[in-house]
Each structure stands twice: as C-alpha cells, then as structure tokens.
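Q: File structure36.pdb follows (PDB, C-alpha atoms):
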ATOM      1  CA  MET Y   1       0.000   0.000   0.000
ATOM      2  CA  SER Y   2       1.521   3.279  -1.021
ATOM      3  CA  ARG Y   3       0.089   6.093   0.962
ATOM      4  CA  GLN Y   4       1.286   9.593   0.786
ATOM      5  CA  ARG Y   5       2.556  10.474   4.239
ATOM      6  CA  VAL Y   6       0.721  13.357   5.759
ATOM      7  CA  SER Y   7       2.927  15.652   7.748
ATOM      8  CA  LEU Y   8       1.856  16.388  11.302
ATOM      9  CA  ARG Y   9       1.632  20.076  10.490
ATOM     10  CA  GLN Y  10      -0.900  19.389   7.760
ATOM     11  CA  GLU Y  11      -2.883  17.115  10.030
ATOM     12  CA  LEU Y  12      -2.811  19.407  13.035
ATOM     13  CA  PRO Y  13      -6.028  21.386  12.338
ATOM     14  CA  LEU Y  14      -7.957  18.108  12.006
ATOM     15  CA  LEU Y  15      -6.486  16.733  15.242
ATOM     16  CA  VAL Y  16      -7.193  19.934  17.152
ATOM     17  CA  TRP Y  17     -10.769  19.912  15.886
ATOM     18  CA  LEU Y  18     -11.243  16.269  16.952
ATOM     19  CA  VAL Y  19      -9.912  17.042  20.433
ATOM     20  CA  ILE Y  20     -12.288  20.011  20.734
ATOM     21  CA  VAL Y  21     -15.240  17.843  19.708
ATOM     22  CA  TRP Y  22     -14.166  15.198  22.240
ATOM     23  CA  GLY Y  23     -13.904  17.736  25.015
ATOM     24  CA  ALA Y  24     -17.198  19.348  24.087
ATOM     25  CA  LEU Y  25     -19.035  16.021  24.012
ATOM     26  CA  TRP Y  26     -17.729  15.026  27.447
ATOM     27  CA  GLN Y  27     -18.135  18.608  28.634
ATOM     28  CA  ASP Y  28     -14.821  18.144  30.361
ATOM     29  CA  PHE Y  29     -11.741  20.118  29.385
ATOM     30  CA  SER Y  30      -9.422  18.746  32.057
ATOM     31  CA  PRO Y  31      -5.885  17.929  30.849
ATOM     32  CA  GLY Y  32      -6.341  14.167  31.339
ATOM     33  CA  ASN Y  33      -9.464  14.043  29.227
ATOM     34  CA  LEU Y  34      -7.879  16.192  26.523
ATOM     35  CA  LEU Y  35      -4.824  13.919  26.453
ATOM     36  CA  LEU Y  36      -7.030  10.869  25.999
ATOM     37  CA  GLY Y  37      -8.890  12.778  23.285
ATOM     38  CA  ALA Y  38      -5.619  13.609  21.548
ATOM     39  CA  LEU Y  39      -4.530   9.945  21.594
ATOM     40  CA  LEU Y  40      -7.901   8.912  20.172
ATOM     41  CA  ALA Y  41      -7.708  11.662  17.555
ATOM     42  CA  VAL Y  42      -4.337  10.400  16.339
ATOM     43  CA  ALA Y  43      -5.646   6.816  16.285
ATOM     44  CA  VAL Y  44      -8.770   7.814  14.354
ATOM     45  CA  ALA Y  45      -6.781   9.912  11.887
ATOM     46  CA  ARG Y  46      -4.427   6.956  11.300
ATOM     47  CA  LEU Y  47      -7.101   4.274  11.015
ATOM     48  CA  PHE Y  48      -9.670   6.161   8.943
ATOM     49  CA  TYR Y  49      -7.384   7.746   6.436
ATOM     50  CA  LEU Y  50      -8.711  10.643   4.389
ATOM     51  CA  PRO Y  51      -6.951  12.597   1.673
ATOM     52  CA  PRO Y  52      -5.384  15.613   3.340
ATOM     53  CA  VAL Y  53      -6.956  19.012   2.835
ATOM     54  CA  GLU Y  54      -4.445  21.152   1.036
ATOM     55  CA  LEU Y  55      -4.063  24.199   3.203
ATOM     56  CA  SER Y  56      -2.240  27.218   1.916
ATOM     57  CA  GLY Y  57      -0.338  27.676   5.163
ATOM     58  CA  ARG Y  58      -1.696  31.182   5.592
ATOM     59  CA  PHE Y  59      -4.426  32.248   7.953
ATOM     60  CA  ASN Y  60      -5.063  35.900   8.625
ATOM     61  CA  VAL Y  61      -7.016  36.231  11.870
ATOM     62  CA  LEU Y  62      -7.304  40.014  11.543
ATOM     63  CA  LYS Y  63      -9.172  39.541   8.263
ATOM     64  CA  ALA Y  64     -11.156  36.530   9.516
ATOM     65  CA  VAL Y  65     -12.894  38.271  12.411
ATOM     66  CA  PRO Y  66     -14.477  41.112  10.373
ATOM     67  CA  PHE Y  67     -15.363  38.574   7.690
ATOM     68  CA  ALA Y  68     -17.219  36.447  10.267
ATOM     69  CA  VAL Y  69     -19.054  39.501  11.620
ATOM     70  CA  VAL Y  70     -20.061  40.656   8.134
ATOM     71  CA  PHE Y  71     -21.107  37.072   7.348
ATOM     72  CA  LEU Y  72     -23.397  36.918  10.390
ATOM     73  CA  GLY Y  73     -24.857  40.301   9.483
ATOM     74  CA  ARG Y  74     -25.604  39.131   5.960
ATOM     75  CA  VAL Y  75     -27.172  35.913   7.244
ATOM     76  CA  VAL Y  76     -29.478  37.995   9.446
ATOM     77  CA  ALA Y  77     -30.367  40.420   6.642
ATOM     78  CA  ALA Y  78     -30.923  37.672   4.096
ATOM     79  CA  SER Y  79     -33.009  35.547   6.484
ATOM     80  CA  CYS Y  80     -35.351  38.492   6.959
ATOM     81  CA  GLN Y  81     -35.429  38.971   3.189
ATOM     82  CA  VAL Y  82     -36.393  35.328   2.594
ATOM     83  CA  PHE Y  83     -39.069  35.650   5.266
ATOM     84  CA  TYR Y  84     -40.425  38.740   3.524
ATOM     85  CA  LEU Y  85     -40.341  37.050   0.107
ATOM     86  CA  ALA Y  86     -42.128  33.984   1.453
ATOM     87  CA  VAL Y  87     -44.916  36.081   2.880
ATOM     88  CA  ALA Y  88     -45.173  38.805   0.232
ATOM     89  CA  GLN Y  89     -44.362  37.079  -3.062
ATOM     90  CA  GLY Y  90     -44.673  33.372  -2.406
ATOM     91  CA  PRO Y  91     -45.559  31.513  -5.608
ATOM     92  CA  LYS Y  92     -44.717  34.441  -7.889
ATOM     93  CA  VAL Y  93     -41.044  34.684  -6.955
ATOM     94  CA  THR Y  94     -38.598  34.839  -9.886
ATOM     95  CA  ASN Y  95     -35.306  32.991  -9.696
ATOM     96  CA  ALA Y  96     -32.239  32.450 -11.839
ATOM     97  CA  VAL Y  97     -29.385  30.031 -12.247
ATOM     98  CA  VAL Y  98     -26.204  32.049 -12.628
ATOM     99  CA  ALA Y  99     -22.750  30.840 -13.599
ATOM    100  CA  VAL Y 100     -19.983  32.405 -11.513
ATOM    101  CA  PRO Y 101     -16.394  31.705 -12.539
ATOM    102  CA  LEU Y 102     -14.103  31.833  -9.513
ATOM    103  CA  ARG Y 103     -10.515  33.045  -9.415
ATOM    104  CA  SER Y 104      -9.067  30.255  -7.348
ATOM    105  CA  HIS Y 105      -8.688  26.677  -8.517
ATOM    106  CA  SER Y 106      -7.954  25.126  -5.142
ATOM    107  CA  ASP Y 107     -10.616  22.699  -3.921
ATOM    108  CA  LEU Y 108     -10.582  24.193  -0.453
ATOM    109  CA  MET Y 109     -11.306  27.680  -1.736
ATOM    110  CA  VAL Y 110     -14.106  26.578  -4.067
ATOM    111  CA  THR Y 111     -15.658  24.541  -1.230
ATOM    112  CA  ALA Y 112     -15.357  27.370   1.264
ATOM    113  CA  THR Y 113     -16.874  29.890  -1.152
ATOM    114  CA  GLY Y 114     -19.706  27.495  -1.970
ATOM    115  CA  HIS Y 115     -20.370  26.935   1.711
ATOM    116  CA  VAL Y 116     -20.420  30.593   2.648
ATOM    117  CA  ILE Y 117     -22.599  31.538  -0.302
ATOM    118  CA  SER Y 118     -24.984  28.644   0.410
ATOM    119  CA  LEU Y 119     -25.337  29.656   4.044
ATOM    120  CA  ILE Y 120     -26.444  33.130   3.108
ATOM    121  CA  PRO Y 121     -30.150  32.719   2.352
ATOM    122  CA  GLY Y 122     -31.154  33.486  -1.199
ATOM    123  CA  SER Y 123     -28.345  31.666  -2.965
ATOM    124  CA  LEU Y 124     -27.757  27.955  -3.386
ATOM    125  CA  VAL Y 125     -25.016  26.092  -5.236
ATOM    126  CA  VAL Y 126     -26.653  23.842  -7.831
ATOM    127  CA  GLU Y 127     -23.635  22.544  -9.676
ATOM    128  CA  VAL Y 128     -19.871  22.825  -9.490
ATOM    129  CA  ASP Y 129     -17.575  22.565 -12.472
ATOM    130  CA  ARG Y 130     -14.293  21.618 -10.893
ATOM    131  CA  SER Y 131     -12.205  21.798 -14.074
ATOM    132  CA  THR Y 132     -12.973  25.484 -14.622
ATOM    133  CA  SER Y 133     -13.902  26.127 -10.959
ATOM    134  CA  THR Y 134     -17.246  27.594 -11.896
ATOM    135  CA  LEU Y 135     -20.124  27.641  -9.449
ATOM    136  CA  TYR Y 136     -23.670  27.492 -10.779
ATOM    137  CA  ILE Y 137     -25.788  29.310  -8.271
ATOM    138  CA  HIS Y 138     -29.539  29.355  -7.902
ATOM    139  CA  GLY Y 139     -30.546  32.777  -6.700
ATOM    140  CA  LEU Y 140     -33.866  33.603  -5.105
ATOM    141  CA  ASN Y 141     -35.637  36.739  -6.346
ATOM    142  CA  VAL Y 142     -33.296  37.419  -9.267
ATOM    143  CA  ARG Y 143     -35.563  39.273 -11.690
ATOM    144  CA  ASN Y 144     -33.301  40.838 -14.310
ATOM    145  CA  GLY Y 145     -29.782  41.237 -15.612
ATOM    146  CA  GLU Y 146     -28.941  43.767 -12.953
ATOM    147  CA  ASP Y 147     -29.754  41.302 -10.167
ATOM    148  CA  VAL Y 148     -27.657  38.665 -11.930
ATOM    149  CA  LEU Y 149     -24.666  41.008 -11.931
ATOM    150  CA  LYS Y 150     -25.285  41.805  -8.278
ATOM    151  CA  LEU Y 151     -25.377  38.133  -7.330
ATOM    152  CA  ARG Y 152     -22.213  37.434  -9.307
ATOM    153  CA  LYS Y 153     -20.421  40.332  -7.667
ATOM    154  CA  GLU Y 154     -21.523  39.109  -4.235
ATOM    155  CA  VAL Y 155     -20.058  35.657  -4.851
ATOM    156  CA  ARG Y 156     -16.813  37.073  -6.223
ATOM    157  CA  ASP Y 157     -16.529  39.423  -3.249
ATOM    158  CA  THR Y 158     -17.048  36.508  -0.874
ATOM    159  CA  GLU Y 159     -14.283  34.629  -2.605
ATOM    160  CA  ALA Y 160     -12.021  37.682  -2.421
ATOM    161  CA  GLY Y 161     -12.631  37.861   1.327
ATOM    162  CA  LEU Y 162     -11.759  34.187   1.737
ATOM    163  CA  ILE Y 163      -8.605  34.582  -0.345
ATOM    164  CA  ARG Y 164      -7.551  37.439   1.917
ATOM    165  CA  ILE Y 165      -8.046  35.153   4.909
ATOM    166  CA  MET Y 166      -6.505  31.902   3.749
ATOM    167  CA  GLY Y 167      -5.602  31.998   0.072
ATOM    168  CA  THR Y 168      -2.144  31.165  -1.190
ATOM    169  CA  LYS Y 169       0.371  33.953  -1.748
ATOM    170  CA  GLU Y 170      -0.093  33.681  -5.524
ATOM    171  CA  GLU Y 171      -3.861  34.078  -5.262
ATOM    172  CA  LEU Y 172      -3.434  37.043  -2.966
ATOM    173  CA  ALA Y 173      -1.009  38.716  -5.324
ATOM    174  CA  ALA Y 174      -3.380  38.153  -8.272
ATOM    175  CA  LEU Y 175      -6.249  39.584  -6.271
ATOM    176  CA  LYS Y 176      -4.255  42.671  -5.309
ATOM    177  CA  GLN Y 177      -3.355  43.235  -8.930
ATOM    178  CA  GLU Y 178      -6.977  42.882  -9.975
ATOM    179  CA  VAL Y 179      -8.233  45.308  -7.348
ATOM    180  CA  GLY Y 180      -5.456  47.758  -8.101
ATOM    181  CA  ALA Y 181      -6.057  47.666 -11.850
TER     182      ALA Y 181
ATOM    183  CA  MET Z   1     -30.675  30.529  48.189
ATOM    184  CA  SER Z   2     -32.340  32.727  45.619
ATOM    185  CA  PRO Z   3     -30.745  36.140  45.366
ATOM    186  CA  GLU Z   4     -32.690  39.161  44.209
ATOM    187  CA  PRO Z   5     -32.635  39.420  40.435
ATOM    188  CA  ASN Z   6     -30.176  42.155  39.618
ATOM    189  CA  ALA Z   7     -29.768  44.268  36.517
ATOM    190  CA  VAL Z   8     -27.425  41.805  34.788
ATOM    191  CA  ASP Z   9     -29.855  38.915  35.262
ATOM    192  CA  THR Z  10     -32.688  40.982  33.864
ATOM    193  CA  LEU Z  11     -30.603  41.971  30.878
ATOM    194  CA  ILE Z  12     -29.592  38.353  30.174
ATOM    195  CA  ASP Z  13     -33.195  37.243  30.472
ATOM    196  CA  ALA Z  14     -34.329  39.977  28.107
ATOM    197  CA  VAL Z  15     -31.645  39.178  25.521
ATOM    198  CA  SER Z  16     -32.375  35.458  25.604
ATOM    199  CA  ALA Z  17     -36.111  36.112  25.336
ATOM    200  CA  VAL Z  18     -35.537  38.204  22.211
ATOM    201  CA  PHE Z  19     -33.211  35.525  20.807
ATOM    202  CA  MET Z  20     -35.751  32.778  21.391
ATOM    203  CA  VAL Z  21     -38.638  34.687  19.826
ATOM    204  CA  VAL Z  22     -36.607  35.696  16.770
ATOM    205  CA  GLY Z  23     -35.215  32.147  16.464
ATOM    206  CA  ALA Z  24     -38.725  30.707  16.534
ATOM    207  CA  LEU Z  25     -39.781  33.304  13.936
ATOM    208  CA  MET Z  26     -36.989  32.062  11.657
ATOM    209  CA  SER Z  27     -38.362  28.535  11.894
ATOM    210  CA  LEU Z  28     -41.784  29.964  11.088
ATOM    211  CA  ALA Z  29     -40.230  31.679   8.053
ATOM    212  CA  ALA Z  30     -38.928  28.291   6.889
ATOM    213  CA  ALA Z  31     -42.375  26.731   7.253
ATOM    214  CA  ILE Z  32     -44.108  29.577   5.402
ATOM    215  CA  GLY Z  33     -41.505  29.467   2.651
ATOM    216  CA  LEU Z  34     -41.921  25.721   2.294
ATOM    217  CA  LEU Z  35     -45.632  26.169   1.764
ATOM    218  CA  ARG Z  36     -45.602  29.277  -0.388
ATOM    219  CA  PHE Z  37     -42.663  28.943  -2.761
ATOM    220  CA  PRO Z  38     -43.462  27.407  -6.136
ATOM    221  CA  ASP Z  39     -40.736  24.860  -6.843
ATOM    222  CA  LEU Z  40     -38.207  22.598  -5.162
ATOM    223  CA  MET Z  41     -35.228  24.896  -5.542
ATOM    224  CA  SER Z  42     -36.815  27.973  -4.007
ATOM    225  CA  ARG Z  43     -38.238  25.777  -1.261
ATOM    226  CA  MET Z  44     -34.715  24.614  -0.470
ATOM    227  CA  HIS Z  45     -33.777  28.225   0.218
ATOM    228  CA  ALA Z  46     -36.543  28.511   2.777
ATOM    229  CA  ALA Z  47     -36.116  25.034   4.213
ATOM    230  CA  THR Z  48     -32.381  25.181   4.876
ATOM    231  CA  LYS Z  49     -31.271  28.739   5.450
ATOM    232  CA  PRO Z  50     -33.370  30.573   8.041
ATOM    233  CA  GLN Z  51     -32.722  27.677  10.439
ATOM    234  CA  VAL Z  52     -29.013  28.447  10.492
ATOM    235  CA  LEU Z  53     -29.858  31.766  12.074
ATOM    236  CA  GLY Z  54     -32.792  30.350  14.036
ATOM    237  CA  LEU Z  55     -30.677  27.606  15.553
ATOM    238  CA  PHE Z  56     -27.883  30.067  16.326
ATOM    239  CA  LEU Z  57     -30.270  32.319  18.219
ATOM    240  CA  LEU Z  58     -31.884  29.445  20.124
ATOM    241  CA  LEU Z  59     -28.511  27.946  21.069
ATOM    242  CA  ALA Z  60     -27.294  31.370  22.180
ATOM    243  CA  ALA Z  61     -30.395  31.715  24.347
ATOM    244  CA  VAL Z  62     -29.753  28.279  25.892
ATOM    245  CA  GLY Z  63     -26.133  29.252  26.536
ATOM    246  CA  LEU Z  64     -27.144  32.517  28.154
ATOM    247  CA  GLN Z  65     -29.698  30.854  30.400
ATOM    248  CA  LEU Z  66     -27.555  27.946  31.606
ATOM    249  CA  ARG Z  67     -24.714  30.275  32.678
ATOM    250  CA  THR Z  68     -22.057  27.624  32.830
ATOM    251  CA  TRP Z  69     -19.127  28.035  30.532
ATOM    252  CA  TRP Z  70     -18.835  24.351  29.627
ATOM    253  CA  VAL Z  71     -22.075  24.296  27.613
ATOM    254  CA  TRP Z  72     -20.688  26.856  25.184
ATOM    255  CA  PRO Z  73     -18.293  24.454  23.418
ATOM    256  CA  VAL Z  74     -21.110  21.915  22.948
ATOM    257  CA  LEU Z  75     -23.425  24.545  21.514
ATOM    258  CA  LEU Z  76     -20.671  25.900  19.295
ATOM    259  CA  VAL Z  77     -19.826  22.418  17.988
ATOM    260  CA  ALA Z  78     -23.529  21.761  17.324
ATOM    261  CA  TRP Z  79     -23.783  24.997  15.368
ATOM    262  CA  ILE Z  80     -20.579  24.413  13.409
ATOM    263  CA  PHE Z  81     -21.817  20.970  12.395
ATOM    264  CA  GLN Z  82     -25.025  22.616  11.242
ATOM    265  CA  LEU Z  83     -22.978  25.133   9.232
ATOM    266  CA  LEU Z  84     -20.996  22.334   7.618
ATOM    267  CA  THR Z  85     -23.909  20.062   6.745
ATOM    268  CA  VAL Z  86     -26.669  22.477   5.701
ATOM    269  CA  PRO Z  87     -25.037  23.678   2.460
ATOM    270  CA  VAL Z  88     -24.145  20.102   1.515
ATOM    271  CA  SER Z  89     -27.694  18.836   1.905
ATOM    272  CA  ALA Z  90     -29.088  21.911   0.151
ATOM    273  CA  HIS Z  91     -26.635  21.402  -2.695
ATOM    274  CA  MET Z  92     -27.392  17.688  -3.067
ATOM    275  CA  VAL Z  93     -31.158  18.191  -3.108
ATOM    276  CA  GLY Z  94     -30.884  21.237  -5.369
ATOM    277  CA  ARG Z  95     -28.618  19.425  -7.786
ATOM    278  CA  ALA Z  96     -30.841  16.362  -7.927
ATOM    279  CA  GLY Z  97     -33.847  18.651  -8.360
ATOM    280  CA  TYR Z  98     -32.234  20.468 -11.263
ATOM    281  CA  ARG Z  99     -31.215  17.248 -12.975
ATOM    282  CA  THR Z 100     -34.643  15.668 -12.647
ATOM    283  CA  LYS Z 101     -36.199  18.950 -13.853
ATOM    284  CA  HIS Z 102     -38.176  19.623 -10.702
ATOM    285  CA  LEU Z 103     -38.213  23.314 -11.388
ATOM    286  CA  HIS Z 104     -40.411  25.814 -13.131
ATOM    287  CA  LYS Z 105     -38.439  27.090 -16.099
ATOM    288  CA  GLU Z 106     -40.875  29.951 -16.639
ATOM    289  CA  LEU Z 107     -39.968  31.322 -13.213
ATOM    290  CA  LEU Z 108     -36.266  31.555 -14.016
ATOM    291  CA  SER Z 109     -35.139  34.899 -15.374
ATOM    292  CA  THR Z 110     -31.839  33.411 -16.575
ATOM    293  CA  ASP Z 111     -30.505  29.889 -16.688
ATOM    294  CA  GLU Z 112     -26.813  29.795 -17.457
ATOM    295  CA  LEU Z 113     -26.500  26.126 -16.586
ATOM    296  CA  GLU Z 114     -28.967  24.895 -19.208
ATOM    297  CA  ALA Z 115     -26.673  25.566 -22.179
ATOM    298  CA  VAL Z 116     -23.824  23.743 -20.427
ATOM    299  CA  VAL Z 117     -26.032  20.743 -19.661
ATOM    300  CA  VAL Z 118     -27.334  20.589 -23.249
ATOM    301  CA  LYS Z 119     -23.789  20.793 -24.605
ATOM    302  CA  ALA Z 120     -22.548  18.066 -22.258
ATOM    303  CA  ALA Z 121     -25.501  15.823 -23.139
ATOM    304  CA  LYS Z 122     -24.835  16.350 -26.861
ATOM    305  CA  ALA Z 123     -21.137  15.549 -26.423
ATOM    306  CA  ALA Z 124     -22.039  12.384 -24.540
ATOM    307  CA  ARG Z 125     -24.485  11.343 -27.277
ATOM    308  CA  ASP Z 126     -21.932  12.040 -30.009
ATOM    309  CA  SER Z 127     -19.244   9.980 -28.336
ATOM    310  CA  GLU Z 128     -21.758   7.177 -27.838
ATOM    311  CA  GLU Z 129     -22.646   7.237 -31.538
ATOM    312  CA  ASN Z 130     -18.974   7.193 -32.467
ATOM    313  CA  ASP Z 131     -18.412   4.188 -30.206
ATOM    314  CA  GLY Z 132     -21.373   2.435 -31.819
ATOM    315  CA  GLY Z 133     -20.039   3.103 -35.362
ATOM    316  CA  MET Z 134     -16.699   1.537 -34.642
TER     317      MET Z 134
END
In structure tokens, write the structure found in this file.

A:
Amino acid sequence: MSRQRVSLRQELPLLVWLVIVWGALWQDFSPGNLLLGALLAVAVARLFYLPPVELSGRFNVLKAVPFAVVFLGRVVAASCQVFYLAVAQGPKVTNAVVAVPLRSHSDLMVTATGHVISLIPGSLVVEVDRSTSTLYIHGLNVRNGEDVLKLRKEVRDTEAGLIRIMGTKEELAALKQEVGA
Amino acid sequence: MSPEPNAVDTLIDAVSAVFMVVGALMSLAAAIGLLRFPDLMSRMHAATKPQVLGLFLLLAAVGLQLRTWWVWPVLLVAWIFQLLTVPVSAHMVGRAGYRTKHLHKELLSTDELEAVVVKAAKAARDSEENDGGM
C-alpha cells in the first residue's frame, strides 16, 4: 500500500478539531481528558485515512474576524429577506441560475466559497464545475440582468474575502493586482 | 438561596427572550416558505437557510440561560456541524432537483447552466454514436 505520508503540520487542524469535539461532548476540558482525546484523535486519523486538505499555510485572523461579523450580518439580513419574500411574493417569486467563474482553482477555496454563499439565504449552489472552478448558483428573487450582476459580484466578493483570509500567496497577489487595476 | 434578580440577570433574560422569539420566527419563516414557494429549488432556500440563524439564536439563548461556561463548546460544535452540513444537503437536493427537472423554467429569469447541460448531453451522445459506429 503506497500512501502519501501526511505531515503532522498538515494534520494538526484536524487533530485539534477532533480534540475540541471530544472535550465538548464530554463537557470536560481537564488535561487528562484532553490527552485521551488527543490519543484517540491520532488513532482515528491513522485508522480512517482521508486525503489531506491542502491548506495554503496562511491564515489571517485580523481579516477573519471582520469577515465572520459581516457574514453573520448578511445571514441575518438575508433571512429576513427570505421571510419577507415567502410572505409577500410566495408563488410568484422569480429565480435564476447564474454561472460564476471563480478566481481560485484550489478545492478548499471553491468549497469554502460554496459553503459561505450557500449559508447566506437566497443563494444555493446547484452545480460545481471543478475543471474550470465555476459555481452554478440558484438565486432567489433574481428578476433581471442587474440582479444577476449583483449576485455574481456578491459571490466574487465573498471569494475575495476568503482569499484574503486563507488563500495562497499567488492568489493574494493576483487579487491585489486585480483590485489595483 | 435565591438572590434578588439584579440588573445583569434581567438583561440576560431579556436578551435570551428576544433571541428565542426571533429564532422561533426564523423557523416559522422556513415553514411559510416551504408552503408558499413554487418549486423545489426555491423551497430549499426557505427550508435550509433561516434555520441556520434560528438555531444560532436558540442555542445562544440556551447558553445565556444555563450560565455555565462548559455548555458553550457543545453549543458551538452543534452549530458548526449545522454550518458544515446544511449547504451540503441543500446542494445535493438542489442538484438532484435540477437534474430531474423539478423546477419551473418559466420562473427563471436566466438559466446559465442549461446551455452547459445541453452541450454536455450532446457531447455524450456524439461519443456514444462514435463508439457504436466503430
């Protein structure tokens, strides 16, 4: 069996997450319990092998916190909007399926963008074209070309925010050039 | 021992009451959307999304009321799992719905996926015909 060795550094976020889940489930964050959790996490990660997530090695906390706050704000705003649409428009609502080409080709970035955009009510990822990293997004209440452009811009902006948080250096440089141009 | 309710307690109670009412309203929004929206895809919007906020508010209210720090990690983990799984289920149902044509085309203002699907289907048919000819 030829398995690609996963370095501990690459595996660390997964292990830390497993230990947190363990501690949370036992509701006990004493050192002994965490140590047992860590041992179990290593055992689980060894036994149930998954392809490693390719992290870029960057994570900008200063950019992540405002992003999370803005994200929560948009979830609140969009939830109210969906509520309003359900009550006011109901069966007459007009939708659209919009293709949004993304900048990044890394699986992690496409997944993260898809997740964030799906969590904001009003947009839903219908299909992903991995080869061209294009997301096909179903948008609620998209009535005309202007709304389509708005939706596309929203998705691209979300991706830009994620690149600023955890994109590779190359992606960041490309983004800076694009914004500057 | 039951101390007099002080200002902080009152504030926490008020905040968690607001959270619970708004969270319940979000679930109501999901139910109304499920009934009122015309097709599967728009129903998925209503069925999956407002809960993310609704659940967040309800969990926050639970956390505020229990006032022990060790429930917060559990609630946070529950919410994060919700965040991770909701888009996946919405995507899977939405994708299956699109492919089995459970949607009202006349209600779409644009459909940029249709051309791609038609092209891919044509390419698949062509290659099948070529295989058959050989």

Q: Excluding Trp70 in chain Z and its own-chain neighbours fewer than 6 positions away, which residues fall within 10 Å of it when counting only C-alpha atoms? Please give them as a PDB file with C-alpha atoms, in the frame of the given file.

A:
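File produced: selection_30.pdb:
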ATOM      1  CA  GLY Y  23     -13.904  17.736  25.015  1.00  0.00           C
ATOM      2  CA  ALA Y  24     -17.198  19.348  24.087  1.00  0.00           C
ATOM      3  CA  TRP Y  26     -17.729  15.026  27.447  1.00  0.00           C
ATOM      4  CA  GLN Y  27     -18.135  18.608  28.634  1.00  0.00           C
ATOM      5  CA  ASP Y  28     -14.821  18.144  30.361  1.00  0.00           C
ATOM      6  CA  PHE Y  29     -11.741  20.118  29.385  1.00  0.00           C
TER       7      PHE Y  29
ATOM      8  CA  GLY Z  63     -26.133  29.252  26.536  1.00  0.00           C
TER       9      GLY Z  63
END

Q: Pick out the closest residue to Gly122 in chain Y from this set: Z:Leu59, Z:Ile32, Z:Ala17, Z:Pro50. Count only C-alpha atoms.

A: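 For Gly122 in chain Y, the nearest of the candidates is Z:Pro50.
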
Q: Return as a list of chain:residue names the residues belonging to chain Z that are within 6 Å of chain Y, counting all atoms listed in the file.

A: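 Using all atoms listed in the file, chain Z residues at most 6 Å from chain Y: Z:Ala29, Z:Gly33, Z:Arg36, Z:Phe37, Z:Pro38, Z:Lys49, Z:Pro50, Z:Trp70, Z:Pro73, Z:Val74, Z:Pro87, Z:His91, Z:Gly94, Z:Arg95, Z:Leu107, Z:Leu108, Z:Ser109, Z:Thr110, Z:Asp111, Z:Glu112.
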
Q: What is the CA of Pro13 in chain Y-CA of Gly167 in chain Y distance in Å, reported with one decimal?

A: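 Atom-to-atom, CA of Pro13 in chain Y and CA of Gly167 in chain Y are spaced 16.2 Å apart.
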
Q: Which residues, named as in the file, does the PyMOL selection byres ((chain Y and resi 131) around 12) pick out? Answer as a list in words.

A: Pro101, Leu102, Ser104, His105, Ser106, Asp107, Val110, Val128, Asp129, Arg130, Thr132, Ser133, Thr134 and Leu135 of chain Y

Q: Could you check which of Z:Leu35, Z:Ala115, Z:Ala24, Z:Leu83 is closest to Thr48 in chain Z, using all atoms listed in the file?

A: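 Closest residue, counting all atoms listed in the file: Z:Leu83.
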
Q: Report, in Å with one decimal, the straight-line distance from CA of Leu75 in chain Z to CA of Ala77 in chain Y.

A: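 Separation between CA of Leu75 in chain Z and CA of Ala77 in chain Y: 22.8 Å.
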
Q: Would you mind listing what lies within 8 Å of range 50-53 of chain Y as a count of residues only, with all atoms listed in the file counted and same-chain residues fewer than 5 positions away left out?

A: 5

Q: In Å to one decimal, how far is CA of Val21 in chain Z from CA of Val62 in chain Z?

A: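 Computing it gives 12.5 Å between the two atoms.
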
Q: Which residues would end up in the selection if the PyMOL selection byres ((chain Z and resi 97) around 12) were applied here, given that I need the answer as a PyMOL selection string?

A: (chain Y and resi 125-127+138) or (chain Z and resi 39-44+89-96+98-104)

Q: Extending 4 Å beyond the listed atoms of range 44-58 of chain Z on each side, what axis-aligned box results? I want centre and edge lengths in Å to one decimal, as JSON.

A:
{"center_x": -32.2, "center_y": 28.5, "center_z": 9.8, "size_x": 16.7, "size_y": 15.7, "size_z": 28.6}

Q: Skip Thr158 in chain Y itself and residues of its chain fewer than 2 positions away, then list as a list in words all residues within 8 Å of it, counting only C-alpha atoms.

A: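 Final neighbour list, sorted by chain and number: Thr113, Val116, Ile117, Glu154, Val155, Arg156, Ala160, Gly161 and Leu162 of chain Y.
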
Q: Write the residues you've just listed into a file as a compact mmCIF listing (two decimals), in the frame of the given file, and include C-alpha atoms for each of them.

A:
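So selection32.txt came out as:
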# COMPACT_ATOMS: atom_id res chain seq x y z
CA THR Y 113 -16.87 29.89 -1.15
CA VAL Y 116 -20.42 30.59 2.65
CA ILE Y 117 -22.60 31.54 -0.30
CA GLU Y 154 -21.52 39.11 -4.24
CA VAL Y 155 -20.06 35.66 -4.85
CA ARG Y 156 -16.81 37.07 -6.22
CA ALA Y 160 -12.02 37.68 -2.42
CA GLY Y 161 -12.63 37.86 1.33
CA LEU Y 162 -11.76 34.19 1.74

Q: Let me know the residues the PyMOL selection byres ((chain Y and resi 38) around 9) catches in the file above, as a PyMOL selection string.

A: chain Y and resi 15-16+18-19+22+33-37+39-43

Q: Skipping near chain neighbours, those fewer than 5 positions away, what residues fall within 12 Å of Arg164 in chain Y using all atoms listed in the file, listed as a list in words?

A: Ser56, Arg58, Phe59, Asn60, Val61, Leu62, Lys63, Ala64, Val65, Pro66, Phe67, Ser104, Met109, Asp157, Thr158, Glu159, Lys169, Glu170, Glu171, Leu172, Ala173, Ala174, Leu175 and Lys176 of chain Y
